[in-house]
Every structure is written in structure tokens, then in C-alpha cells.
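K.L.:
Just dropping this structure here.
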Amino acid sequence: MNFSAFSPKLQSQLAKIGIGQPFDFVLHLPLRYEDETHLYPITDAPVGAQVLVEGEVQSCEVQYKPRKQLIARVADGSGTLVVRLLNFYPSAAKQLTVGKRVRLFGEIRRGFWGDEMVHPKIRVASENAELNESLTPVYPTTAGLPQFLLIKHIALALKTCDLADTLPNSILDPLNLPDFSSSVRLLHNPPPDVPQHQLRERTHPGWQRLKFDELLAQQLSLRMARAARREQNAPIIRPQGELATKLLAALPFELTTAQQKVLAEINRDLAQPHPMQRLLQGDVGSGKTIVAALAACQAIEAGWQVVLMAPTEILAEQHFRKLADWLYPLGLHIAWLTGSLKSKEKKAALADAQAGKSHLIVGTHALFQQDVAFERLALVIVDEQHRFGVAQRLALRGKGNSPHQLMMSATPIPRTLAMSFYADLDISVIDELPPGRTPITTKLISDARRDEVVARIAGKVQEGRQVYWVCPLIEESEALQLQTAVDTHAQLTEELPDIKVGLVHGRLKPAEKAEVMAAFQRNEIQVLVATTVIEVGVDVPNASLMVIEHAERMGLSQLHQLRGRVGRGIHESLCVLLYAGPLGATAKARLKVIYENIDGFEIARQDLQIRGPGELVGMRQSGVAMLRFADLEADADLLDAARETACQLLSTQPDIAIRHLDRWLPGRELLLKV
Ligand code: ADP
Ligand code: MG
């Protein structure tokens with residue numbers, strides 16, 4: 001099969017559906033099938049299902065009322081069927097000439113003129129012509145690329161491509177998986193006796209085999225990427241730990257057991273001669289920042305520089321202040337680098353970083369711009385890592401001589417997802433919150449009762465507390481979202497005359513944003529109206545009431561993140577989810593999840609179920625190849641099997657692993673670099 005002989009137009013159409021080389025045809029599996037293996041007598045054909053019938057055209061005429069349409073009658077001795085075409089070419093009318101024998105495939109419906117098929121597939125048939133022996137595949141396609149072309153090329157690919165198995169029976173048999181070649185042949189052209197639901201639900205052994213192969217390829221590539229990284233050198237960081245000890249002694253709290261555990265894991269990694277790749281997961285408020293600071297102390301004490309990168313200016317600024325509070329007293333030099341710095345300040349920060357003068361540099365993605373260089377960078381910490389793309393992380397890694405990397409995330413990744421997409425990372429989990437937190441109460445309130453909520457705000461402020469009011473997400477229009485926030489701010493200012501109401505949103509200049517946040521932190525502002533910019537990481541313990549408007553529009557993980565902004569201090573906290581009724585069934589189910597659960601992992605799991613992994617925050621831009629066939633929740637067993645098989649192959653039969661990857665990820669060099 002010669003791909004380059006295809007016309008440029010066909011090549012670009014094929015590219016649109018992910019076909020760029022002959023073998024891609026083999027893996028282009030049908031969406032569904034049509035059963036043309038069985039001929040029904042017209043009277044027996046079930047209504048509402050797609051069926052094949054055959055008969056002679058009795059009449060054919062074009063009607064003009066109520067609209068132009070072609071109406072033909074076809075009879076087979078058992079009964080008569082009306083064929084109706086609303087748009088038609090003369091050629092179609094010709095196929096339906098009186099006296100001709102035709103095969104019709106389509107859905108029978110009860111119509112005005114009797115049982116009818118609207119726009120069936122029509123073929124002129126000779127009597128006793130053979131029936132198809134297998135189901136007819138219907139492939140996913142794109143505009144202008146007809147099914148018959150796909151069918152033709154796929155059939156050819158199945159003949160000419162090498163379908164030899166990549167895996168030995170010693171692996172397949174215990175898992176009850178069929179061989180590759182018969183699996184793909186069957187899925188493209190299933191015999192009529194294959195139970196249709198097994199094809200539809202993708203539970204047929206042929207499907208299982210393809211999913212397994214796909215998952216195995218993913219596991220292999222991630223593991224190989226990880227092994228390749230272990231070949232790289234990174235500085236061994238194993239100081240006495242004096243800085244960390246001093247910092248701990250100065251803290252007003254003790255580390256939780258969970259924090260101690262993950263810190264030990266990180267320190268163990270840092271002491272290795274190859275780069276750490278660790279994902280630190282912990283629910284909102286679990287205390288990841290201090291863990292990062294203590295890890296930074298280790299690197300700094302060993303004579304290295306550390307970078308901490310945050311996804312937003314607000315968050316970077318907050319980290320900077322907190323870390324400065326902790327680390328200045330220890331005599332450390334901390335720099336601050338964001339896009340909004342004035343050029344003079346920026347120059348100074350850059351010079352300090354480059355000369356190795358600053359121990360810790362905190363900033364936003366401005367950190368991985370071209371002109372940023374470090375003298376002795378050994379540890380890169382990325383907060384809210386799922387907000388950054390792989391490319392951004394890579395750029396930062398390029399700044400040092402393969403530095404250690406610590407990625408932090410408050411979006412808990414369900415086990416199957418972590419196993420699958422993060423198989424190349426080590427994962428640490430902080431699974432307990434610091435003591436002394438009062439649990440957050442969540443209330444669902446219709447926005448018809450907004451007045452009561454405003455009264456509650458006044459009460460809270462009187463008690464000395466502070467309040468967040470989060471304006472709805474308006475996906476279609478950022479301008480509209482901004483307007484809503486501005487309006488809400490004006491309205492609340494009017495409704496709460498004795499209270500200072502502030503406003504923060506994404507369009508403010510970074511310095512203005514920081515100013516508002518600082519005023520809120522100092523309790524000069526009591527009620528902060530905000531767009532979802534405060535979703536990430538903001539920490540004001542005195543804030544104990546959060547109102548979220550149009551909660552039904554937000555993602556569950558997002559709601560959980562927002563809610564985590566309160567409940568950080570000693571005061572009892574309340575999160576009010578305002579919704580605009582009436583709620584649909586899905587919206588109800590989603591709000592119920594957030595109402596009933598406080599555990600971020602459980603919420604993420606249910607979110608995953610409702611939305612699918614592709615939608616999970618940041619997954620799309622994470623740059624990790626998405627799965628085409630396997631479903632992480634439904635195929636968790638296969639994922640387990642694939643993971644075990646990958647381990648086994650890499651340690652005992654790496655040649656098989658390579659062969660398998662050559663088939664499934666021919667461009668895998670890309671992933672290996674990550
Ligand atoms: P997150 O994991 O969401 O980033 P932070 O690091 O912002 O959480 O921590 C939330 C708050 O808890 C901060 O005010 C932090 O100082 C505090 N904190 C962290 N660890 C502890 C602890 N062991 N005991 C008490 N408070 C802690
Ligand atoms: Mg944080």
C-alpha cells in the first residue's frame with residue numbers, strides 16, 4: 001500500500017481522522033455495524049431496527065405537496081414498503097424504475113403512507129444475489145471522505161500490513177486474550193453470529209485485546225521514559241539538614257505524620273544521583289507549601305538554587321510572601337520574578353539568579369523565558385502542576401543540568417488515572433489535613449433566597465470574619481463574566497453599606513490584583529467579590545464564608561478547590577452554593593456529590609465518572625497521549641494486567657517490549673523526551 005500515491009486532498013482528509021500511515025487503517029475501528037447478512041420478508045421486518053429487504057419496484061412518482069419528494073413502492077410477495085426520498089439525484093430515481101429488483105437497507109418506520117424507509121441504502125439486485133457474510137462496518141469519518149473509500153483501504157491494509165503478533169502466547173493465554181490478527185479482522189468484519197452487544201459495549205475478546213495492547217504500549221513507553229531519566233545525572237543532595245531543622249523550630253505548628261512521610265520520600269529522592277520526578281498530591285489545605293519549603297532548604301543548604309513556579313501571579317506572590325516569612329529569618333535570599341515586574345527590578349532579579357546570589361526564585365511562567373538563567377539550579381518545584389503543559393515544564397527543566405523536580409497538585413488524581421497517565425512519576429500523597437480545622441458545612445440554596453445569604457454575610461462580618469463571593473463562570477464570554485463580577489460588586493456594596501467590599505478578577509493588572517488580595521489578607525476588605533481567579537491556592541484563614549453563585553455551572557473539582565479557600569482557620573466555615581433553578585438531573589447529581597463529599601479524591605473520582613478523563617482539569621493540555629480504545633474506569637482490570645505485563649517485559653523480554661511499541665507508538669521518541 002503506497003500512502004504517498006494518495007492525492008493531497010485524501011491525505012489531508014485521512015490525517016483529520018488520525019490516519020497517516022498504512023497501519024493506521026488497521027487500527028481505525030468501526031463505530032458501529034450494519035447487518036446486511038440477513039434478508040427479511042417485508043411483513044416480518046421489525047419496525048424501528050435497521051434491516052435489509054428486497055423486492056420489485058411497483059410504482060415511483062415525484063410528489064410536490066407538501067414538499068417535493070420521491071415516493072416509490074416496493075413489494076416482495078409478503079408485503080409492500082414505501083420508499084421516500086426527500087433529496088434525490090436523478091440516478092436515485094432511476095434505481096427505482098418500475099419493475100426493477102432492489103435491495104433496501106434502512107430503518108422501517110410507520111409512516112403516513114404505511115410502513116416506510118426514508119433514504120435507505122438502495123442497490124439494484126439480481127434475484128438470489130448473495131448476501132454479505134459479515135456485518136458491514138461503519139467507520140468514523142470526516143466531511144468528503146465516503147465510507148466505501150475507507151472500507152476499501154482498510155480491507156487492503158488488512159491484506160498487506162504485517163499483522164503478526166507482537167506478544168507471545170505465554171502472555172496472552174493466561175489473560176484469555178485472542179491473537180492480534182484475528183482480533184482486528186473480526187472487529188472490521190464480524191461474522192453475523194457475534195453477539196452484537198459485545199461489539200457495542202466493546203467487551204468482545206477482540207476489543208479486549210486491542211485495549212490491552214493500547215494500555216500496554218502506554219505503560220511501556222512511560223516506564224521506558226522513566227528508565228531513561230534514571231540514566232541522567234542530577235546533583236546528590238544530602239546535607240546535614242540544619243536549615244530545615246531551624247525552619248521547623250520556628251514554625252508555630254508541627255508537621256502532620258503525612259507531611260513527615262512525604263518529606264522523607266522527597267529527601268530520599270534528592271539524595272539520589274538521578275533526577276527526582278515526584279508528584280506531591282494533597283487535598284486543598286493539606287499543607288504542601290511547607291513541605292516544598294523544607295525540600296528547598298535541603299537543596300539550598302547543599303549549595304544549590306531552587307525555583308518555585310506557580311500558575312498565577314496571585315499565587316506566586318502569596319508563595320513569595322509566605323516563603324520569605326519563613327526563610328528570610330534563616331538568612332536566605334529570595335527573589336521574585338513575574339511578567340509584571342518593572343524592567344529594572346526584573347534585571348536585578350535576573351542578575352541575582354544568574355550569579356547564584358538568590359537561593360530561591362519564586363515566580364510564574366516568566367521563569368522559563370529565554371533570558372532567565374541560573375548558576376546552580378538543582379531543584380524545580382511546580383505548584384498546581386496540572387495547570388502547566390508538558391512543554392512548559394520541559395523548558396524549565398532545561399534551565400539546569402537535569403534538576404530534581406517536585407510537582408504539586410491539589411487536584412487529586414484517581415488511582416486508575418495516576419497509574420495510567422503518571423506511570424512515569426513517583427507519587428507522594430498527603431492524606432491528612434492539619435489538626436484544628438473545623439469542617440466546612442456546605443449548603444445548597446436557590447438563588448431566589450439570595451437576600452438571606454446577604455444577611456448572613458453581614459452577620460459573619462460582624463463576628464469579625466471575612467467572606468468570598470465567587471461570580472459565575474461564563475464560558476462563552478470573558479467580558480460577560482467580568483461584567484457580572486462588576487455588577488455583583490456594585491450590588492453588594494449597596495446592600496452592605498457599612499462593609500468594605502473588594503473586587504478581583506482576571507482582567508486586573510497583576511499589581512492591582514496583588515493589592516486587592518493584600519488588603520483582603522489584612523482584613524481591610526471584608527467581602528471579596530471574585531471571579532474564579534481565586535480558585536487556586538489563596539490562603540486567608542480568617543475567611544470563613546464562601547458564596548458561589550451559579551454553582552451548577554462549575555466543574556466539581558473546581559467547586560472543591562473554591563470551597564477549600566475557607567475552613568483554613570479555627571472558625572467554623574460555611575460554603576453556600578447558590579444555584580439557579582430548576583436544576584436538570586445531571587446538575588442535581590453533580591451538586592449532590594459536592595454536597596455529600598469533602599474528600600477531594602472521592603469528588604475527583606465521581607467527576608471522572610460524570611465527565612470522563614479527557615475533561616479532568618488540565619488533562620487535555622497535559623500533553624500525554626489520550627487513550628483511543630480503553631476506558632480507564634471500565635477497563636481498570638486490563639490496566640492492572642497491562643501494568644504487570646509491562647514490568648515483566650521490560651525486565652525479562654525487552655525485545656518484545658520494543659516490538660510492541662514499534663507497532664503502537666511508532667513516534668514514541670516524542671514521549672521519551674518528556
Ligand atoms: P495547600 O496544600 O493547599 O497548598 P497550604 O500549604 O497553603 O495548603 O497550607 C494551608 C495552611 O495550613 C497554611 O496556612 C499552612 O501554614 C497551614 N499548615 C500547613 N501545615 C500545617 C500543620 N502541620 N499544622 C497546622 N497548620 C499547617
Ligand atoms: Mg497550595
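Residues in the C-alpha cells are numbered from 1 in each chain, the chains being A, B, ... in the order shown, and ligands are numbered from 1 in the order shown.
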When you look at region 562-570 of chain A with a cut-off of 7 Å (counting only C-alpha atoms), what residues show up, excluding the ones that are within fewer than 5 positions of it in the same chain? I need them as a count of residues only.

P.N.:
17

K.L.:
If you run DSSP over the backbone, which residues in region 185-286 of chain A end up strand (DSSP E)? Put them as a list in words.

P.N.:
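Residues of region 185-286 of chain A classed as strand (DSSP E): Gln277, Arg278, Leu279, Leu280, Gln281 and Gly282 of chain A.
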
K.L.:
Skipping near chain neighbours, those fewer than 5 positions away, what residues fall within 9 Å of region 107-110 of chain A using only C-alpha atoms, listed as a list in words?

P.N.:
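Everything that qualifies: Ala45, Pro46, Val47, Gly48, Ala49, Gln50, Val51, Leu52, Leu81, Asp115, Glu116, Met117, Val118 and Pro120 of chain A.
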
K.L.:
Take the residues that were just selected and, keeping N, CA and C atoms, output them as an mmCIF file, in the first residue's frame.

P.N.:
```
data_model
loop_
_atom_site.group_PDB
_atom_site.id
_atom_site.type_symbol
_atom_site.label_atom_id
_atom_site.label_comp_id
_atom_site.auth_asym_id
_atom_site.auth_seq_id
_atom_site.Cartn_x
_atom_site.Cartn_y
_atom_site.Cartn_z
ATOM 1 N N ALA A 45 -40.321 -7.825 8.816
ATOM 2 C CA ALA A 45 -39.222 -6.954 9.229
ATOM 3 C C ALA A 45 -39.632 -6.114 10.426
ATOM 4 N N PRO A 46 -38.785 -6.122 11.468
ATOM 5 C CA PRO A 46 -39.156 -5.370 12.668
ATOM 6 C C PRO A 46 -39.108 -3.856 12.428
ATOM 7 N N VAL A 47 -40.094 -3.185 12.966
ATOM 8 C CA VAL A 47 -40.135 -1.723 12.846
ATOM 9 C C VAL A 47 -39.130 -1.126 13.829
ATOM 10 N N GLY A 48 -38.417 -0.104 13.384
ATOM 11 C CA GLY A 48 -37.515 0.601 14.302
ATOM 12 C C GLY A 48 -36.097 0.091 14.280
ATOM 13 N N ALA A 49 -35.847 -1.032 13.583
ATOM 14 C CA ALA A 49 -34.479 -1.534 13.516
ATOM 15 C C ALA A 49 -33.978 -1.395 12.080
ATOM 16 N N GLN A 50 -32.662 -1.410 11.923
ATOM 17 C CA GLN A 50 -32.089 -1.349 10.587
ATOM 18 C C GLN A 50 -32.126 -2.750 9.980
ATOM 19 N N VAL A 51 -32.785 -2.867 8.823
ATOM 20 C CA VAL A 51 -32.923 -4.199 8.223
ATOM 21 C C VAL A 51 -32.703 -4.144 6.719
ATOM 22 N N LEU A 52 -32.485 -5.333 6.170
ATOM 23 C CA LEU A 52 -32.323 -5.474 4.732
ATOM 24 C C LEU A 52 -33.570 -6.164 4.169
ATOM 25 N N LEU A 81 -43.650 -1.949 0.836
ATOM 26 C CA LEU A 81 -42.949 -0.959 1.644
ATOM 27 C C LEU A 81 -42.840 0.328 0.830
ATOM 28 N N ASP A 115 -45.907 1.461 6.185
ATOM 29 C CA ASP A 115 -44.529 1.237 6.609
ATOM 30 C C ASP A 115 -43.579 1.772 5.542
ATOM 31 N N GLU A 116 -42.576 2.506 5.999
ATOM 32 C CA GLU A 116 -41.710 3.142 5.011
ATOM 33 C C GLU A 116 -40.256 3.168 5.455
ATOM 34 N N MET A 117 -39.398 3.313 4.441
ATOM 35 C CA MET A 117 -37.987 3.605 4.713
ATOM 36 C C MET A 117 -37.696 4.955 4.078
ATOM 37 N N VAL A 118 -37.099 5.854 4.876
ATOM 38 C CA VAL A 118 -36.720 7.151 4.333
ATOM 39 C C VAL A 118 -35.219 7.099 4.050
ATOM 40 N N PRO A 120 -33.242 4.972 2.357
ATOM 41 C CA PRO A 120 -32.480 3.740 2.614
ATOM 42 C C PRO A 120 -31.280 3.680 1.675
#
```

K.L.:
Enter the distance from CA of Asp498 (chain A) to CA of Leu578 (chain A), in Å, rounded to one decimal.

P.N.:
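Going from CA of Asp498 (chain A) over to CA of Leu578 (chain A) covers 23.8 Å.
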
K.L.:
Using only C-alpha atoms and all ligand atoms, which residues have at least one atom no more than 6 Å from ligand 1? Output them as a short mmCIF file (atom, residue, chain, number, x, y, z; two decimals) with N, CA and C atoms, in the first residue's frame.

P.N.:
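part-v9.cif, freshly written:
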```
data_model
loop_
_atom_site.label_atom_id
_atom_site.label_comp_id
_atom_site.auth_asym_id
_atom_site.auth_seq_id
_atom_site.Cartn_x
_atom_site.Cartn_y
_atom_site.Cartn_z
N PHE A 253 3.59 25.43 64.23
CA PHE A 253 2.90 24.13 64.25
C PHE A 253 3.90 23.01 63.99
N GLU A 254 3.45 21.80 64.23
CA GLU A 254 4.26 20.62 63.94
C GLU A 254 3.77 20.01 62.64
N LEU A 255 4.65 19.35 61.93
CA LEU A 255 4.21 18.68 60.71
C LEU A 255 3.28 17.52 61.06
N THR A 256 2.32 17.30 60.21
CA THR A 256 1.49 16.11 60.39
C THR A 256 2.30 14.88 60.00
N GLY A 282 -1.99 16.46 47.41
CA GLY A 282 -2.59 16.66 48.72
C GLY A 282 -3.79 17.54 48.52
N VAL A 284 -6.72 20.26 49.00
CA VAL A 284 -6.62 21.67 49.32
C VAL A 284 -6.40 21.83 50.82
N GLY A 285 -5.43 22.63 51.20
CA GLY A 285 -5.21 22.92 52.62
C GLY A 285 -4.44 21.85 53.37
N SER A 286 -3.92 20.86 52.67
CA SER A 286 -3.23 19.77 53.37
C SER A 286 -1.81 20.18 53.77
N GLY A 287 -1.35 21.36 53.31
CA GLY A 287 -0.05 21.84 53.76
C GLY A 287 1.10 21.41 52.86
N LYS A 288 0.97 21.63 51.59
CA LYS A 288 2.02 21.26 50.65
C LYS A 288 3.16 22.29 50.66
N THR A 289 2.80 23.55 50.90
CA THR A 289 3.80 24.61 50.77
C THR A 289 4.96 24.42 51.74
N ILE A 290 4.66 24.06 52.96
CA ILE A 290 5.75 23.92 53.93
C ILE A 290 6.64 22.74 53.56
N PRO A 434 -4.07 19.15 58.40
CA PRO A 434 -3.53 19.57 59.70
C PRO A 434 -4.66 19.62 60.72
N GLY A 537 -5.17 28.04 45.39
CA GLY A 537 -4.15 28.30 46.40
C GLY A 537 -4.23 29.46 47.37
N ASP A 539 -4.79 31.79 50.42
CA ASP A 539 -4.84 31.34 51.81
C ASP A 539 -5.11 32.51 52.76
#
```

K.L.:
Residues near region 137-150 of chain A, anyone? I mean within 12 Å using only C-alpha atoms, not counting same-chain ones fewer than 6 positions away, as a count of residues only.

P.N.:
38

K.L.:
Mind giving me the straight-line distance from CA of Leu639 (chain A) to CA of Trp207 (chain A) in Å, one decimal?

P.N.:
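It comes out at 13.9 Å.
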
K.L.:
Nearest residue to ligand 2 out of A:Val547, A:Ala479, A:Ala410, A:Ala636, using only C-alpha atoms and all ligand atoms?

P.N.:
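Of A:Val547, A:Ala479, A:Ala410, A:Ala636, the one nearest ligand 2 is A:Ala410, counting only C-alpha atoms and all ligand atoms.
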
K.L.:
Distance CA of Gln385 (chain A)-CA of Met224 (chain A), one decimal place?

P.N.:
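So the two atoms, CA of Gln385 (chain A) and CA of Met224 (chain A), lie 22.0 Å apart.
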
K.L.:
List every residue of region 515-575 of chain A that DSSP, applied to the backbone, labels as helix (DSSP H, G or I), and write the result as a list of chain:residue names.

P.N.:
A:Glu515, A:Val516, A:Met517, A:Ala518, A:Ala519, A:Phe520, A:Gln521, A:Thr532, A:Val533, A:Ile534, A:Glu535, A:Ala551, A:Glu552, A:Arg553, A:Leu556, A:Ser557, A:Gln558, A:Leu559, A:His560, A:Gln561, A:Leu562, A:Arg563

K.L.:
Hey, what's within 8 Å of Glu54 (chain A) if we count only C-alpha atoms and toss same-chain stuff fewer than 3 positions away? As a list of chain:residue names, please?

P.N.:
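After dropping sequence-adjacent residues, the list is A:Leu39, A:Tyr40, A:Pro41, A:Ile42, A:Ala75, A:Asp76, A:Arg101, A:Val102, A:Arg103, A:Leu104.
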
K.L.:
Go ahead and write the selection's residues with N, CA, C and O atoms as a PDB file, in the first residue's frame.

P.N.:
```pdb
ATOM      1  N   LEU A  39     -31.827 -11.374   5.074  1.00  0.00           N
ATOM      2  CA  LEU A  39     -32.863 -10.723   4.282  1.00  0.00           C
ATOM      3  C   LEU A  39     -34.212 -10.979   4.950  1.00  0.00           C
ATOM      4  O   LEU A  39     -34.583 -12.122   5.202  1.00  0.00           O
ATOM      5  N   TYR A  40     -34.950  -9.916   5.245  1.00  0.00           N
ATOM      6  CA  TYR A  40     -36.258 -10.073   5.889  1.00  0.00           C
ATOM      7  C   TYR A  40     -37.380 -10.019   4.844  1.00  0.00           C
ATOM      8  O   TYR A  40     -37.325  -9.186   3.931  1.00  0.00           O
ATOM      9  N   PRO A  41     -38.399 -10.859   4.988  1.00  0.00           N
ATOM     10  CA  PRO A  41     -39.630 -10.616   4.237  1.00  0.00           C
ATOM     11  C   PRO A  41     -40.225  -9.309   4.758  1.00  0.00           C
ATOM     12  O   PRO A  41     -40.152  -9.047   5.967  1.00  0.00           O
ATOM     13  N   ILE A  42     -40.777  -8.496   3.872  1.00  0.00           N
ATOM     14  CA  ILE A  42     -41.233  -7.163   4.284  1.00  0.00           C
ATOM     15  C   ILE A  42     -42.212  -7.204   5.460  1.00  0.00           C
ATOM     16  O   ILE A  42     -42.092  -6.426   6.405  1.00  0.00           O
ATOM     17  N   ALA A  75     -42.498  -4.205  -3.445  1.00  0.00           N
ATOM     18  CA  ALA A  75     -43.217  -5.348  -2.885  1.00  0.00           C
ATOM     19  C   ALA A  75     -42.391  -6.613  -3.044  1.00  0.00           C
ATOM     20  O   ALA A  75     -41.611  -6.749  -3.992  1.00  0.00           O
ATOM     21  N   ASP A  76     -42.534  -7.529  -2.107  1.00  0.00           N
ATOM     22  CA  ASP A  76     -41.764  -8.777  -2.190  1.00  0.00           C
ATOM     23  C   ASP A  76     -42.644 -10.018  -2.070  1.00  0.00           C
ATOM     24  O   ASP A  76     -42.174 -11.109  -1.763  1.00  0.00           O
ATOM     25  N   ARG A 101     -35.599  -4.820  -9.530  1.00  0.00           N
ATOM     26  CA  ARG A 101     -35.450  -5.507  -8.259  1.00  0.00           C
ATOM     27  C   ARG A 101     -34.421  -4.748  -7.435  1.00  0.00           C
ATOM     28  O   ARG A 101     -33.315  -4.493  -7.898  1.00  0.00           O
ATOM     29  N   VAL A 102     -34.775  -4.368  -6.218  1.00  0.00           N
ATOM     30  CA  VAL A 102     -33.831  -3.590  -5.407  1.00  0.00           C
ATOM     31  C   VAL A 102     -33.676  -4.184  -4.017  1.00  0.00           C
ATOM     32  O   VAL A 102     -34.593  -4.798  -3.475  1.00  0.00           O
ATOM     33  N   ARG A 103     -32.483  -3.983  -3.482  1.00  0.00           N
ATOM     34  CA  ARG A 103     -32.260  -4.293  -2.062  1.00  0.00           C
ATOM     35  C   ARG A 103     -32.219  -2.975  -1.319  1.00  0.00           C
ATOM     36  O   ARG A 103     -31.537  -2.036  -1.737  1.00  0.00           O
ATOM     37  N   LEU A 104     -32.944  -2.952  -0.240  1.00  0.00           N
ATOM     38  CA  LEU A 104     -33.030  -1.724   0.545  1.00  0.00           C
ATOM     39  C   LEU A 104     -32.512  -2.002   1.947  1.00  0.00           C
ATOM     40  O   LEU A 104     -32.893  -2.994   2.568  1.00  0.00           O
TER      41      LEU A 104
END
```

K.L.:
List as number ranges by chain the protein and nucleic acid residues near region 356-358 of chain A, meaning an atom at most 8 Å away when only C-alpha atoms are counted, but skip any in the same chain fewer than 4 places from it.

P.N.:
A: 305, 332-335, 352, 374-376

K.L.:
Skipping near chain neighbours, those fewer than 6 positions away, what residues fall within 8 Å of region 229-239 of chain A using only C-alpha atoms, listed as a ChimeraX atom specification?

P.N.:
/A:267,270-275,298-299,301-302,378,401-404

K.L.:
Output N, CA, C and O atoms for every residue in the selection just made, as a CSV table (one decimal), in the first residue's frame.

P.N.:
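Produced file out07.csv, reproduced below:
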```csv
chain,number,residue,atom,x,y,z
A,267,ASN,N,13.2,13.7,50.4
A,267,ASN,CA,14.6,13.8,50.7
A,267,ASN,C,15.4,12.6,50.3
A,267,ASN,O,16.5,12.7,49.9
A,270,LEU,N,16.1,13.2,46.7
A,270,LEU,CA,17.1,14.2,46.4
A,270,LEU,C,18.5,13.7,46.6
A,270,LEU,O,19.5,14.2,46.0
A,271,ALA,N,18.6,12.7,47.5
A,271,ALA,CA,19.9,12.1,47.8
A,271,ALA,C,20.4,11.1,46.7
A,271,ALA,O,21.5,10.6,46.7
A,272,GLN,N,19.5,10.9,45.7
A,272,GLN,CA,19.9,10.0,44.6
A,272,GLN,C,20.6,10.8,43.5
A,272,GLN,O,20.4,12.0,43.3
A,273,PRO,N,21.5,10.1,42.7
A,273,PRO,CA,22.3,10.8,41.7
A,273,PRO,C,21.5,11.0,40.4
A,273,PRO,O,22.1,11.4,39.4
A,274,HIS,N,20.2,10.7,40.4
A,274,HIS,CA,19.5,11.0,39.2
A,274,HIS,C,18.2,11.8,39.5
A,274,HIS,O,17.8,11.8,40.7
A,275,PRO,N,17.7,12.5,38.5
A,275,PRO,CA,16.6,13.5,38.8
A,275,PRO,C,15.4,12.9,39.4
A,275,PRO,O,14.8,12.0,38.9
A,298,GLN,N,16.8,21.9,52.0
A,298,GLN,CA,17.8,20.9,51.8
A,298,GLN,C,18.8,21.2,50.6
A,298,GLN,O,20.0,21.2,50.7
A,299,ALA,N,18.1,21.6,49.5
A,299,ALA,CA,18.9,21.9,48.3
A,299,ALA,C,19.8,23.2,48.5
A,299,ALA,O,21.0,23.2,48.2
A,301,GLU,N,20.9,24.3,51.4
A,301,GLU,CA,22.0,24.0,52.3
A,301,GLU,C,23.1,23.3,51.6
A,301,GLU,O,24.3,23.5,52.0
A,302,ALA,N,22.7,22.5,50.6
A,302,ALA,CA,23.8,21.8,49.9
A,302,ALA,C,24.5,22.7,48.9
A,302,ALA,O,25.3,22.2,48.1
A,378,ALA,N,19.2,23.2,41.1
A,378,ALA,CA,19.2,21.8,41.3
A,378,ALA,C,17.8,21.3,41.6
A,378,ALA,O,17.5,20.1,41.6
A,401,ASN,N,21.0,21.5,35.0
A,401,ASN,CA,21.6,20.3,34.5
A,401,ASN,C,20.7,19.2,35.0
A,401,ASN,O,21.0,18.6,36.0
A,402,SER,N,19.7,18.8,34.3
A,402,SER,CA,18.6,17.9,34.7
A,402,SER,C,18.4,18.0,36.2
A,402,SER,O,18.8,17.2,37.0
A,403,PRO,N,17.7,19.1,36.7
A,403,PRO,CA,17.4,19.3,38.1
A,403,PRO,C,16.4,18.3,38.6
A,403,PRO,O,15.7,17.7,37.8
A,404,HIS,N,16.3,18.2,39.9
A,404,HIS,CA,15.2,17.4,40.5
A,404,HIS,C,13.9,18.2,40.3
A,404,HIS,O,13.9,19.4,40.3
```
